[in-house]
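See below for input.txt, which holds compact mmCIF, C-alpha atoms.
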# COMPACT_ATOMS: atom_id res chain seq x y z
CA MET D 118 29.76 19.29 -10.32
CA SER D 119 26.90 19.12 -7.86
CA PRO D 120 24.52 16.19 -7.37
CA LEU D 121 20.84 16.87 -7.98
CA THR D 122 18.79 17.87 -4.97
CA ARG D 123 15.71 15.80 -4.19
CA ASP D 124 13.53 18.45 -5.82
CA GLN D 125 15.72 18.68 -8.92
CA LEU D 126 15.62 14.90 -9.26
CA ALA D 127 11.83 14.93 -8.87
CA LYS D 128 11.62 17.55 -11.62
CA VAL D 129 13.77 15.48 -13.99
CA VAL D 130 11.63 12.39 -13.37
CA ALA D 131 8.37 14.34 -13.74
CA ASN D 132 9.52 15.67 -17.09
CA ASP D 133 10.27 12.14 -18.37
CA ILE D 134 6.90 10.55 -17.59
CA PRO D 135 5.20 9.98 -20.96
CA ARG D 136 2.14 12.09 -21.74
CA ASP D 137 -1.30 10.70 -20.88
CA SER D 138 0.14 7.98 -18.61
CA TYR D 139 -1.58 6.32 -15.69
CA ALA D 140 1.12 6.54 -13.02
CA ASN D 141 1.68 5.46 -9.40
CA LEU D 142 4.20 7.32 -7.26
CA GLY D 143 5.61 5.25 -4.39
CA ILE D 144 6.09 6.30 -0.79
CA GLY D 145 8.95 8.67 0.02
CA MET D 146 10.94 10.64 -2.56
CA PRO D 147 8.69 9.60 -5.51
CA THR D 148 5.73 11.51 -4.03
CA LEU D 149 7.76 14.70 -4.67
CA VAL D 150 7.37 14.05 -8.40
CA ALA D 151 3.67 15.03 -8.23
CA LYS D 152 4.71 18.60 -7.45
CA TYR D 153 6.47 18.94 -10.82
CA LEU D 154 3.92 17.35 -13.17
CA ARG D 155 2.42 19.87 -15.58
CA PRO D 156 -1.32 19.74 -16.34
CA GLU D 157 -0.63 19.60 -20.10
CA GLN D 158 1.17 16.26 -19.59
CA GLY D 159 -2.25 14.69 -18.98
CA ILE D 160 -0.90 12.26 -16.37
CA VAL D 161 -3.44 10.54 -14.14
CA LEU D 162 -2.09 9.61 -10.70
CA HIS D 163 -3.16 6.37 -9.03
CA SER D 164 -2.96 5.55 -5.34
CA GLU D 165 -3.08 2.06 -3.78
CA ASN D 166 -6.12 2.98 -1.68
CA GLY D 167 -8.28 3.18 -4.78
CA ILE D 168 -7.91 6.76 -6.02
CA LEU D 169 -7.41 7.50 -9.71
CA GLY D 170 -7.05 11.18 -10.63
CA MET D 171 -5.61 13.06 -7.65
CA ILE D 172 -3.34 16.04 -7.02
CA GLY D 173 -1.52 17.35 -3.98
CA LEU D 174 -3.76 19.34 -1.65
CA PRO D 175 -3.94 22.92 -3.01
CA ASP D 176 -3.04 25.69 -0.55
CA GLY D 177 -6.01 26.73 1.53
CA GLN D 178 -8.06 23.58 0.86
CA SER D 179 -8.96 21.73 4.07
CA LYS D 180 -7.80 18.17 4.76
CA ASP D 181 -10.24 15.27 4.81
CA ALA D 182 -9.28 12.11 6.72
CA ASP D 183 -11.04 10.01 4.04
CA LEU D 184 -9.09 11.59 1.17
CA ILE D 185 -5.42 10.64 1.47
CA ASN D 186 -2.78 9.02 -0.72
CA ALA D 187 -0.76 5.89 0.07
CA SER D 188 1.73 8.01 2.01
CA ARG D 189 -1.14 9.17 4.28
CA GLU D 190 -0.88 12.71 2.88
CA ALA D 191 -4.08 14.67 2.30
CA VAL D 192 -4.88 14.99 -1.43
CA ALA D 193 -7.56 16.52 -3.65
CA LEU D 194 -9.50 14.98 -6.54
CA LEU D 195 -9.39 16.25 -10.12
CA PRO D 196 -12.55 16.39 -12.26
CA GLY D 197 -13.00 12.91 -13.71
CA ALA D 198 -11.43 11.16 -10.73
CA SER D 199 -12.70 7.76 -9.59
CA ILE D 200 -12.48 5.83 -6.33
CA THR D 201 -12.62 2.05 -6.02
CA ASP D 202 -11.94 -0.54 -3.34
CA HIS D 203 -8.62 -2.33 -2.82
CA VAL D 204 -9.48 -5.33 -5.02
CA VAL D 205 -10.07 -3.18 -8.10
CA SER D 206 -7.21 -0.83 -7.25
CA PHE D 207 -4.74 -3.71 -7.11
CA ALA D 208 -6.21 -5.21 -10.29
CA MET D 209 -5.11 -1.95 -11.95
CA MET D 210 -1.62 -2.52 -10.56
CA ARG D 211 -1.08 -6.27 -10.86
CA GLY D 212 -3.14 -6.56 -14.04
CA GLY D 213 -0.80 -4.45 -16.15
CA HIS D 214 -3.10 -1.42 -16.47
CA LEU D 215 -0.73 1.15 -14.99
CA ASP D 216 1.70 2.60 -17.51
CA ILE D 217 4.40 3.48 -15.04
CA THR D 218 5.39 3.38 -11.40
CA ILE D 219 8.14 5.39 -9.74
CA LEU D 220 9.57 3.75 -6.62
CA GLY D 221 12.31 4.42 -4.12
CA GLY D 222 15.13 1.88 -3.83
CA PHE D 223 17.79 0.54 -1.45
CA GLN D 224 19.56 -1.40 -4.23
CA VAL D 225 19.08 -2.16 -7.92
CA ALA D 226 20.95 -5.10 -9.46
CA VAL D 227 22.25 -5.30 -13.00
CA SER D 228 19.56 -7.92 -13.73
CA GLY D 229 16.82 -5.44 -12.77
CA ASP D 230 16.23 -6.93 -9.32
CA LEU D 231 14.96 -4.35 -6.83
CA ALA D 232 15.37 -4.23 -3.05
CA ASN D 233 13.33 -1.49 -1.43
CA TRP D 234 11.27 -2.81 1.47
CA ASP D 235 13.50 -4.28 4.15
CA THR D 236 17.11 -3.67 5.16
CA GLY D 237 17.20 -7.22 6.52
CA GLU D 238 18.67 -6.02 9.82
CA PRO D 239 17.73 -8.34 12.70
CA ASN D 240 15.77 -5.62 14.50
CA ALA D 241 14.03 -4.22 11.41
CA ILE D 242 10.24 -4.38 11.31
CA PRO D 243 9.08 -5.31 7.80
CA ALA D 244 6.74 -3.09 5.79
CA VAL D 245 6.07 -4.10 2.19
CA GLY D 246 2.80 -2.28 1.44
CA GLY D 247 2.00 -2.45 -2.27
CA ALA D 248 5.55 -2.41 -3.63
CA MET D 249 5.67 -6.08 -4.64
CA ASP D 250 2.35 -5.77 -6.51
CA LEU D 251 3.47 -2.61 -8.30
CA VAL D 252 6.74 -4.03 -9.61
CA VAL D 253 5.17 -7.15 -11.12
CA GLY D 254 2.30 -5.25 -12.70
CA ALA D 255 3.25 -1.79 -13.94
CA LYS D 256 4.32 -1.67 -17.59
CA GLN D 257 7.37 0.46 -16.73
CA VAL D 258 9.16 0.45 -13.37
CA TYR D 259 11.39 3.44 -12.69
CA VAL D 260 13.46 3.68 -9.50
CA MET D 261 14.40 7.02 -8.02
CA MET D 262 17.17 7.01 -5.41
CA GLN D 263 20.47 8.47 -4.24
CA HIS D 264 23.36 6.98 -6.20
CA ASN D 265 25.09 6.04 -2.94
CA ASP D 266 23.65 5.31 0.50
CA LYS D 267 24.35 7.35 3.63
CA GLY D 268 27.52 5.34 4.26
CA GLY D 269 28.71 6.06 0.68
CA ARG D 270 28.06 2.51 -0.51
CA PRO D 271 26.90 2.08 -4.12
CA LYS D 272 23.22 1.24 -4.64
CA LEU D 273 23.75 0.00 -8.21
CA VAL D 274 25.05 -3.53 -7.59
CA GLU D 275 25.85 -6.88 -9.23
CA SER D 276 23.28 -8.58 -7.01
CA CYS D 277 21.18 -7.23 -4.16
CA THR D 278 22.26 -8.03 -0.61
CA TYR D 279 19.00 -6.70 0.88
CA PRO D 280 15.78 -8.77 0.63
CA LEU D 281 14.22 -8.47 -2.85
CA THR D 282 11.01 -6.68 -3.74
CA GLY D 283 10.93 -8.14 -7.24
CA VAL D 284 13.08 -10.11 -9.67
CA GLY D 285 14.16 -8.50 -12.96
CA VAL D 286 11.57 -5.76 -12.71
CA VAL D 287 13.40 -2.42 -13.00
CA ASP D 288 13.52 -0.64 -16.36
CA ARG D 289 15.31 2.59 -15.46
CA VAL D 290 17.05 4.23 -12.51
CA TYR D 291 17.17 7.97 -11.75
CA THR D 292 19.83 8.98 -9.25
CA ASP D 293 21.21 12.30 -8.06
CA LEU D 294 24.10 11.70 -10.50
CA ALA D 295 22.74 9.93 -13.57
CA ILE D 296 19.94 8.23 -15.49
CA ILE D 297 20.66 4.55 -16.11
CA ASP D 298 18.67 2.06 -18.18
CA VAL D 299 18.56 -1.58 -17.12
CA THR D 300 19.08 -3.61 -20.32
CA SER D 301 19.92 -7.17 -21.33
CA ASN D 302 23.46 -5.81 -21.73
CA GLY D 303 23.54 -4.45 -18.18
CA PHE D 304 23.45 -0.88 -16.90
CA VAL D 305 23.54 1.71 -19.72
CA VAL D 306 24.11 5.35 -18.75
CA LYS D 307 21.66 7.58 -20.63
CA ALA D 308 22.54 10.88 -18.98
CA MET D 309 24.81 12.33 -16.29
CA ILE D 310 24.99 15.56 -14.34
CA GLU D 311 27.23 18.36 -15.61
CA GLY D 312 30.90 17.58 -14.97
CA MET D 313 30.42 13.85 -14.31
CA ASP D 314 32.16 11.30 -16.52
CA LEU D 315 31.82 7.53 -16.88
CA ALA D 316 34.95 6.83 -14.80
CA GLY D 317 33.64 8.96 -11.95
CA LEU D 318 30.21 7.33 -12.07
CA GLN D 319 31.74 3.85 -12.31
CA GLN D 320 33.77 4.55 -9.16
CA ARG D 321 30.49 5.23 -7.32
CA SER D 322 28.80 2.05 -8.65
CA ALA D 323 29.30 -1.63 -7.81
CA ALA D 324 28.36 -3.04 -11.22
CA ALA D 325 29.74 -2.41 -14.70
CA LEU D 326 28.33 0.61 -16.54
CA THR D 327 28.41 1.30 -20.25
CA LEU D 328 27.81 4.62 -21.90
CA ALA D 329 24.90 5.09 -24.29
CA PRO D 330 26.14 6.45 -27.65
CA ASP D 331 23.88 9.50 -27.20
CA CYS D 332 24.57 10.02 -23.46
CA LYS D 333 23.39 13.49 -22.48
CA VAL D 334 23.96 16.04 -19.75
CA ILE D 335 21.05 16.32 -17.31
CA ARG D 336 19.57 19.83 -17.55
CA VAL D 337 17.30 20.98 -14.73
CA MET G 56 -35.15 -8.02 7.87
CA ASN G 57 -33.45 -5.61 10.28
CA LYS G 58 -29.70 -5.54 10.87
CA LEU G 59 -29.61 -2.40 12.98
CA VAL G 60 -28.27 -2.67 16.51
CA SER G 61 -28.74 0.16 18.94
CA ASN G 62 -25.25 0.66 20.35
CA LEU G 63 -21.58 -0.23 20.02
CA ALA G 64 -21.67 -2.76 22.87
CA GLN G 65 -24.36 -4.75 21.04
CA ALA G 66 -22.41 -4.43 17.82
CA VAL G 67 -19.43 -6.34 19.27
CA VAL G 68 -21.30 -8.85 21.45
CA ASP G 69 -20.66 -12.64 21.19
CA ILE G 70 -17.23 -12.55 19.59
CA ALA G 71 -15.40 -15.72 20.59
CA ASP G 72 -11.90 -15.95 22.02
CA GLY G 73 -9.41 -16.85 19.30
CA SER G 74 -11.44 -15.17 16.55
CA THR G 75 -9.87 -13.76 13.42
CA ILE G 76 -11.10 -10.17 12.98
CA LEU G 77 -10.67 -8.20 9.77
CA LEU G 78 -10.24 -4.45 10.27
CA GLY G 79 -11.05 -2.12 7.39
CA GLY G 80 -9.26 1.19 6.98
CA PHE G 81 -6.19 2.61 5.29
CA GLY G 82 -4.18 5.35 6.98
CA THR G 83 -6.62 7.86 8.40
CA SER G 84 -9.52 6.77 6.19
CA GLY G 85 -12.29 4.29 6.87
CA GLN G 86 -10.97 3.11 10.24
CA PRO G 87 -13.63 1.38 12.38
CA ILE G 88 -12.05 2.98 15.42
CA GLU G 89 -15.19 3.07 17.56
CA LEU G 90 -15.84 -0.68 17.06
CA MET G 91 -12.24 -1.43 18.02
CA GLN G 92 -12.58 0.74 21.12
CA ALA G 93 -15.84 -1.05 22.02
CA LEU G 94 -13.96 -4.36 21.93
CA LEU G 95 -11.78 -3.06 24.79
CA ASP G 96 -14.81 -3.32 27.09
CA THR G 97 -15.27 -7.04 26.37
CA ASP G 98 -13.36 -10.04 27.73
CA VAL G 99 -12.42 -11.38 24.30
CA ARG G 100 -8.79 -12.41 23.85
CA GLU G 101 -6.33 -14.43 21.74
CA LEU G 102 -7.43 -12.52 18.64
CA THR G 103 -5.84 -12.58 15.21
CA LEU G 104 -6.24 -9.13 13.67
CA VAL G 105 -6.00 -8.50 9.92
CA SER G 106 -5.34 -4.92 8.88
CA ASN G 107 -3.41 -2.93 6.32
CA SER G 108 -1.17 -1.41 8.97
CA SER G 109 -0.14 -2.18 12.53
CA GLY G 110 -1.54 0.88 14.26
CA ASN G 111 -3.30 4.22 14.02
CA GLY G 112 -1.89 6.03 17.05
CA PRO G 113 -3.62 6.27 20.42
CA THR G 114 -6.84 4.50 19.36
CA GLY G 115 -7.57 1.26 17.51
CA ILE G 116 -5.03 -1.57 17.23
CA GLY G 117 -2.56 -0.16 19.76
CA PRO G 118 -4.90 -0.24 22.78
CA LEU G 119 -6.13 -3.74 21.82
CA ILE G 120 -2.52 -4.96 21.85
CA GLU G 121 -1.81 -3.18 25.13
CA ALA G 122 -4.88 -4.81 26.65
CA GLY G 123 -3.36 -8.22 25.88
CA LYS G 124 -6.13 -9.21 23.46
CA VAL G 125 -4.02 -9.82 20.38
CA ARG G 126 -2.11 -13.01 19.64
CA LYS G 127 -1.22 -12.31 16.04
CA LEU G 128 -1.35 -9.52 13.48
CA ILE G 129 -1.58 -10.07 9.71
CA CYS G 130 -0.74 -6.84 7.88
CA THR G 131 1.14 -5.27 4.97
CA PHE G 132 2.99 -2.49 6.76
CA ALA G 133 4.12 -3.29 10.30
CA ARG G 134 6.14 -0.18 11.18
CA SER G 135 5.11 3.44 11.47
CA PRO G 136 5.19 4.96 7.95
CA ASN G 137 6.62 8.18 9.36
CA SER G 138 9.19 7.95 12.15
CA LEU G 139 8.20 11.44 13.29
CA ASN G 140 4.63 10.20 13.84
CA PRO G 141 5.03 6.73 15.42
CA THR G 142 1.48 5.51 14.87
CA ALA G 143 2.55 1.87 15.25
CA ALA G 144 4.79 2.28 18.31
CA VAL G 145 2.71 -0.04 20.52
CA PHE G 146 2.84 -2.87 17.99
CA GLU G 147 6.57 -2.36 17.39
CA ALA G 148 7.36 -2.59 21.11
CA HIS G 149 5.21 -5.70 21.69
CA TYR G 150 6.56 -7.39 18.54
CA ARG G 151 10.17 -6.77 19.58
CA ALA G 152 9.35 -8.18 23.03
CA GLY G 153 7.98 -11.35 21.39
CA LYS G 154 4.46 -10.75 22.73
CA VAL G 155 2.63 -10.66 19.39
CA GLU G 156 3.16 -12.67 16.19
CA LEU G 157 3.39 -11.03 12.78
CA GLU G 158 2.56 -12.25 9.28
CA ILE G 159 3.50 -9.74 6.61
CA VAL G 160 1.54 -9.91 3.33
CA PRO G 161 1.87 -7.80 0.19
CA GLN G 162 -1.10 -5.43 0.01
CA GLY G 163 -2.57 -6.75 -3.24
CA THR G 164 -2.11 -10.33 -2.08
CA LEU G 165 -3.98 -9.48 1.13
CA ALA G 166 -6.88 -8.06 -0.90
CA GLU G 167 -6.92 -11.09 -3.20
CA ARG G 168 -6.69 -13.64 -0.33
CA LEU G 169 -9.74 -11.96 1.20
CA ARG G 170 -11.50 -11.92 -2.17
CA ALA G 171 -10.80 -15.63 -2.66
CA ALA G 172 -12.29 -16.39 0.75
CA GLY G 173 -15.36 -14.24 0.09
CA ALA G 174 -15.86 -15.49 -3.45
CA GLY G 175 -15.58 -19.19 -2.67
CA MET G 176 -12.28 -19.65 -4.45
CA GLY G 177 -9.45 -21.93 -3.40
CA PRO G 178 -5.73 -21.11 -3.35
CA PHE G 179 -4.50 -19.05 -6.29
CA PHE G 180 -1.26 -18.25 -8.10
CA THR G 181 -0.05 -14.63 -8.07
CA PRO G 182 3.14 -13.18 -9.57
CA THR G 183 3.48 -10.87 -6.55
CA ALA G 184 6.44 -11.75 -4.29
CA PHE G 185 7.84 -14.42 -6.62
CA GLY G 186 11.57 -14.76 -5.93
CA THR G 187 11.36 -12.83 -2.65
CA ARG G 188 11.51 -13.75 1.03
CA LEU G 189 7.71 -13.57 1.24
CA ALA G 190 7.46 -16.58 -1.08
CA GLU G 191 9.61 -18.79 1.18
CA GLY G 192 7.82 -21.96 2.28
CA LYS G 193 5.11 -21.53 -0.36
CA GLU G 194 4.58 -23.54 -3.52
CA THR G 195 5.84 -21.68 -6.59
CA ARG G 196 5.44 -22.47 -10.26
CA VAL G 197 6.69 -21.04 -13.54
CA ILE G 198 3.88 -20.91 -16.12
CA ASP G 199 4.62 -19.68 -19.65
CA GLY G 200 7.90 -18.25 -18.41
CA LYS G 201 6.40 -16.26 -15.57
CA GLY G 202 6.88 -17.11 -11.89
CA TYR G 203 3.94 -17.41 -9.50
CA VAL G 204 3.41 -18.00 -5.77
CA LEU G 205 0.52 -20.10 -4.44
CA GLU G 206 -1.47 -18.08 -1.90
CA GLN G 207 -4.27 -19.26 0.43
CA PRO G 208 -7.72 -17.72 0.92
CA LEU G 209 -8.06 -15.75 4.17
CA PRO G 210 -11.50 -16.32 5.66
CA ALA G 211 -12.42 -14.67 8.97
CA ASP G 212 -14.88 -14.95 11.82
CA VAL G 213 -15.58 -11.22 12.02
CA ALA G 214 -15.04 -8.01 10.03
CA PHE G 215 -15.22 -4.51 11.48
CA ILE G 216 -15.73 -1.89 8.79
CA LYS G 217 -16.59 1.80 8.67
CA ALA G 218 -19.11 3.03 6.09
CA HIS G 219 -20.90 6.30 5.46
CA LEU G 220 -24.58 5.53 4.85
CA ALA G 221 -26.46 2.33 5.62
CA ASP G 222 -30.02 1.06 5.65
CA ALA G 223 -31.65 -1.62 7.79
CA LEU G 224 -30.90 -4.24 5.14
CA GLY G 225 -27.17 -3.56 5.50
CA ASN G 226 -26.65 -1.84 2.16
CA LEU G 227 -23.63 0.48 2.47
CA THR G 228 -21.94 3.45 0.85
CA TYR G 229 -18.53 4.90 1.69
CA ARG G 230 -16.97 8.38 1.67
CA PHE G 231 -14.02 8.94 -0.68
CA ALA G 232 -11.15 6.51 0.00
CA GLY G 233 -12.85 5.29 3.17
CA ARG G 234 -13.90 2.30 1.07
CA ASN G 235 -10.45 0.63 0.68
CA PHE G 236 -10.59 -2.92 2.17
CA ALA G 237 -14.15 -2.71 3.56
CA PRO G 238 -16.12 -4.30 0.68
CA VAL G 239 -13.80 -7.30 0.34
CA MET G 240 -13.55 -7.77 4.12
CA ALA G 241 -17.34 -7.75 4.34
CA MET G 242 -17.34 -10.62 1.84
CA ALA G 243 -14.64 -12.63 3.64
CA ALA G 244 -16.11 -12.68 7.18
CA ARG G 245 -18.99 -14.72 8.59
CA LEU G 246 -20.03 -11.78 10.81
CA THR G 247 -19.57 -8.31 9.31
CA VAL G 248 -20.22 -5.38 11.61
CA ALA G 249 -20.46 -1.94 10.00
CA GLN G 250 -20.22 1.28 11.97
CA VAL G 251 -21.80 4.03 9.92
CA ASP G 252 -22.15 7.80 10.02
CA ARG G 253 -25.88 7.74 9.27
CA ILE G 254 -28.72 5.28 8.86
CA VAL G 255 -31.17 6.12 6.10
CA PRO G 256 -34.58 4.61 5.24
CA VAL G 257 -34.59 1.48 3.07
CA GLY G 258 -34.80 2.61 -0.54
CA ASP G 259 -32.98 5.91 -0.02
CA ILE G 260 -29.71 4.52 -1.39
CA GLU G 261 -30.21 4.15 -5.13
CA PRO G 262 -29.70 0.45 -6.00
CA GLU G 263 -26.92 1.10 -8.51
CA PHE G 264 -25.04 3.23 -5.98
CA VAL G 265 -24.97 0.60 -3.25
CA MET G 266 -21.25 -0.12 -2.77
CA THR G 267 -21.59 -3.13 -0.46
CA PRO G 268 -24.86 -5.09 -0.81
CA GLY G 269 -26.55 -6.02 2.46
CA ILE G 270 -26.06 -9.75 1.94
CA PHE G 271 -22.45 -9.26 3.11
CA VAL G 272 -23.40 -7.32 6.27
CA GLN G 273 -24.88 -8.76 9.48
CA ARG G 274 -24.88 -5.85 11.96
CA VAL G 275 -25.10 -2.07 11.46
CA VAL G 276 -24.56 0.50 14.18
CA GLU G 277 -24.79 4.26 13.80
CA CYS G 278 -22.19 6.10 15.83
CA GLU G 279 -20.26 9.31 15.93
CA HIS G 280 -16.85 8.80 14.34
CA VAL G 281 -13.88 10.86 15.39
CA PRO G 282 -11.70 11.14 12.26
CA LEU G 283 -7.96 10.58 12.62
CA ASP G 284 -5.77 13.56 11.83
CA PRO G 285 -4.28 13.34 8.32

What would you get if you wrote out this structure as structure tokens?
Amino acid sequence: MSPLTRDQLAKVVANDIPRDSYANLGIGMPTLVAKYLRPEQGIVLHSENGILGMIGLPDGQSKDADLINASREAVALLPGASITDHVVSFAMMRGGHLDITILGGFQVAVSGDLANWDTGEPNAIPAVGGAMDLVVGAKQVYVMMQHNDKGGRPKLVESCTYPLTGVGVVDRVYTDLAIIDVTSNGFVVKAMIEGMDLAGLQQRSAAALTLAPDCKVIRV
Amino acid sequence: MNKLVSNLAQAVVDIADGSTILLGGFGTSGQPIELMQALLDTDVRELTLVSNSSGNGPTGIGPLIEAGKVRKLICTFARSPNSLNPTAAVFEAHYRAGKVELEIVPQGTLAERLRAAGAGMGPFFTPTAFGTRLAEGKETRVIDGKGYVLEQPLPADVAFIKAHLADALGNLTYRFAGRNFAPVMAMAARLTVAQVDRIVPVGDIEPEFVMTPGIFVQRVVECEHVPLDP
């Protein structure tokens, strides 16, 4: 049994984004997902700074300081792309026009609460960016994170101890061990890596898990 | 009507102590770096700066903070996005030392607070930040089962923005994502100063391709812009 690497996880998430979606990939690990989207999926990527219809910078293409994504990485535009200002860009987000957003997470609670912007440590400098707007507006909110933090503590919890980004907003969680839906009946495990079982996953989680009747093995 | 000024010093003249200054730009794009640098040569102080982030490296917000001109920063992202490239190190050090105040605002709420100010709206309810620490101390309301936070308009004395083309009437266009906060900041400030790559004759910008109409712009200065490294 080996946990998914960051790239394997990105590939699993990329494969699950519905065809022809308007999608926003958050800062950090979610930006890796762009690398694994296939053109035939017809997914249009949005960035907070007003870009709709971008791809990672192709090899050999020069960087332009005015053409970056929300993670400050140089990007390129696809034919049919558009660029707006921040007011219109955030209307797309808050107004329910984006089909899906993929975000990183510190903790996800059984109620769907998300903490992903501040560790709450006394010396931490806060940085919220567009995360709070994304979680209230996108039709689907997927979180992509390690199942346990660097200290081994579970990130699936009964209630978040870190400051919240949004209340009851998460629909699904992708970790290096499993895919878990957030439902009115709590966390439901949809898929697990080869060799993992519910008892093993439960041991690594701080909230009750139930197994979906059709729980699958994650194939990469 | 002629809004052109001949140099950067004239572009930033007569800004009062204690002013609130909006700064366009997002990451490496659309940063009015040269206007910010020009402010270093003035005596203005006690400023409140409003920006998406808290620094862009060796130029811009950092030097203004180091020069002791900044009382408060209103921004969405107050730490360096990449710890390997500490673009906000100056702010972080001064904030930790208690020398500059910080108000953190969700990015879409910042845009909408500016829009409200520029569009003559009062306070508004947004679902963003409901139930979080950033709603503390603010009026909240549940309407049709959905929670909202009451947010205030954010008017300003001055806006510094970076555009691509301009004419003497102050009509502006932007390059790629250099647009970001600039149009809404131009609306929200009493004095909007645009640094531009090139001034073109009135009429050269097709009316339906004007991105910021001149009514929102008071001063235009053409200057060479040194892009930040993406």

Do a neighbour search on D:Pro147 at 8 Å with all atoms listed in the file, toss out local chain neighbours closer than 4 positions, and write the hits as a list in words. Ala127, Leu142, Gly143, Ala151, Ile219, Leu220, Gly221 and Met261 of chain D

Given a cut-off of 8 Å, which residues of chain D touch chain G, counting all atoms listed in the file, written out as a count of residues only? 37

For atom CA of G:Leu139 and atom CA of G:Pro87, the interatomic separation in Å (one decimal):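 These atoms are spaced 24.1 Å apart.
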
Would you mind reading off the distance between atom CA of D:Leu149 and atom CA of D:Gln125, one decimal, in Å? 9.9 Å

Find the residues near G:Arg274: any atom within 12 Å, counting only C-alpha atoms, skip ones fewer than 5 places away on the same chain, and give them as a PDB file with C-alpha atoms, in the frame of the given file.
ATOM      1  CA  MET G  56     -35.150  -8.020   7.870  1.00  0.00           C
ATOM      2  CA  ASN G  57     -33.450  -5.610  10.280  1.00  0.00           C
ATOM      3  CA  LYS G  58     -29.700  -5.540  10.870  1.00  0.00           C
ATOM      4  CA  LEU G  59     -29.610  -2.400  12.980  1.00  0.00           C
ATOM      5  CA  VAL G  60     -28.270  -2.670  16.510  1.00  0.00           C
ATOM      6  CA  SER G  61     -28.740   0.160  18.940  1.00  0.00           C
ATOM      7  CA  ASN G  62     -25.250   0.660  20.350  1.00  0.00           C
ATOM      8  CA  LEU G  63     -21.580  -0.230  20.020  1.00  0.00           C
ATOM      9  CA  ALA G  64     -21.670  -2.760  22.870  1.00  0.00           C
ATOM     10  CA  GLN G  65     -24.360  -4.750  21.040  1.00  0.00           C
ATOM     11  CA  ALA G  66     -22.410  -4.430  17.820  1.00  0.00           C
ATOM     12  CA  VAL G  67     -19.430  -6.340  19.270  1.00  0.00           C
ATOM     13  CA  VAL G  68     -21.300  -8.850  21.450  1.00  0.00           C
ATOM     14  CA  LEU G  90     -15.840  -0.680  17.060  1.00  0.00           C
ATOM     15  CA  VAL G 213     -15.580 -11.220  12.020  1.00  0.00           C
ATOM     16  CA  ALA G 214     -15.040  -8.010  10.030  1.00  0.00           C
ATOM     17  CA  PHE G 215     -15.220  -4.510  11.480  1.00  0.00           C
ATOM     18  CA  ILE G 216     -15.730  -1.890   8.790  1.00  0.00           C
ATOM     19  CA  LYS G 217     -16.590   1.800   8.670  1.00  0.00           C
ATOM     20  CA  ALA G 221     -26.460   2.330   5.620  1.00  0.00           C
ATOM     21  CA  ASP G 222     -30.020   1.060   5.650  1.00  0.00           C
ATOM     22  CA  ALA G 223     -31.650  -1.620   7.790  1.00  0.00           C
ATOM     23  CA  LEU G 224     -30.900  -4.240   5.140  1.00  0.00           C
ATOM     24  CA  GLY G 225     -27.170  -3.560   5.500  1.00  0.00           C
ATOM     25  CA  ASN G 226     -26.650  -1.840   2.160  1.00  0.00           C
ATOM     26  CA  LEU G 227     -23.630   0.480   2.470  1.00  0.00           C
ATOM     27  CA  ALA G 241     -17.340  -7.750   4.340  1.00  0.00           C
ATOM     28  CA  ARG G 245     -18.990 -14.720   8.590  1.00  0.00           C
ATOM     29  CA  LEU G 246     -20.030 -11.780  10.810  1.00  0.00           C
ATOM     30  CA  THR G 247     -19.570  -8.310   9.310  1.00  0.00           C
ATOM     31  CA  VAL G 248     -20.220  -5.380  11.610  1.00  0.00           C
ATOM     32  CA  ALA G 249     -20.460  -1.940  10.000  1.00  0.00           C
ATOM     33  CA  GLN G 250     -20.220   1.280  11.970  1.00  0.00           C
ATOM     34  CA  VAL G 251     -21.800   4.030   9.920  1.00  0.00           C
ATOM     35  CA  GLY G 269     -26.550  -6.020   2.460  1.00  0.00           C
TER      36      GLY G 269
END

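Here atom CA of D:Gln224 stands at a distance of 8.1 Å from atom CA of D:Pro271.
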
Around the point (5.5, -7.5, 22.8) (coordinates from the file), which residues reach within 12 Å if we count all atoms listed in the file? Answer as a VMD selection string. chain G and resid 117 120 to 128 144 to 157

Could you save the residues just selected, with C-alpha atoms, as a short mmCIF file (atom, residue, chain, number, x, y, z; two decimals), in the coordinates of the input?
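Final output, result15.cif:
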data_model
loop_
_atom_site.label_atom_id
_atom_site.label_comp_id
_atom_site.auth_asym_id
_atom_site.auth_seq_id
_atom_site.Cartn_x
_atom_site.Cartn_y
_atom_site.Cartn_z
CA GLY G 117 -2.56 -0.16 19.76
CA ILE G 120 -2.52 -4.96 21.85
CA GLU G 121 -1.81 -3.18 25.13
CA ALA G 122 -4.88 -4.81 26.65
CA GLY G 123 -3.36 -8.22 25.88
CA LYS G 124 -6.13 -9.21 23.46
CA VAL G 125 -4.02 -9.82 20.38
CA ARG G 126 -2.11 -13.01 19.64
CA LYS G 127 -1.22 -12.31 16.04
CA LEU G 128 -1.35 -9.52 13.48
CA ALA G 144 4.79 2.28 18.31
CA VAL G 145 2.71 -0.04 20.52
CA PHE G 146 2.84 -2.87 17.99
CA GLU G 147 6.57 -2.36 17.39
CA ALA G 148 7.36 -2.59 21.11
CA HIS G 149 5.21 -5.70 21.69
CA TYR G 150 6.56 -7.39 18.54
CA ARG G 151 10.17 -6.77 19.58
CA ALA G 152 9.35 -8.18 23.03
CA GLY G 153 7.98 -11.35 21.39
CA LYS G 154 4.46 -10.75 22.73
CA VAL G 155 2.63 -10.66 19.39
CA GLU G 156 3.16 -12.67 16.19
CA LEU G 157 3.39 -11.03 12.78
#

Could you tell me which of D:Gly197, D:Gly229, D:Gly212, D:Pro175 comes closest to D:Gly303 if we count only C-alpha atoms? D:Gly229
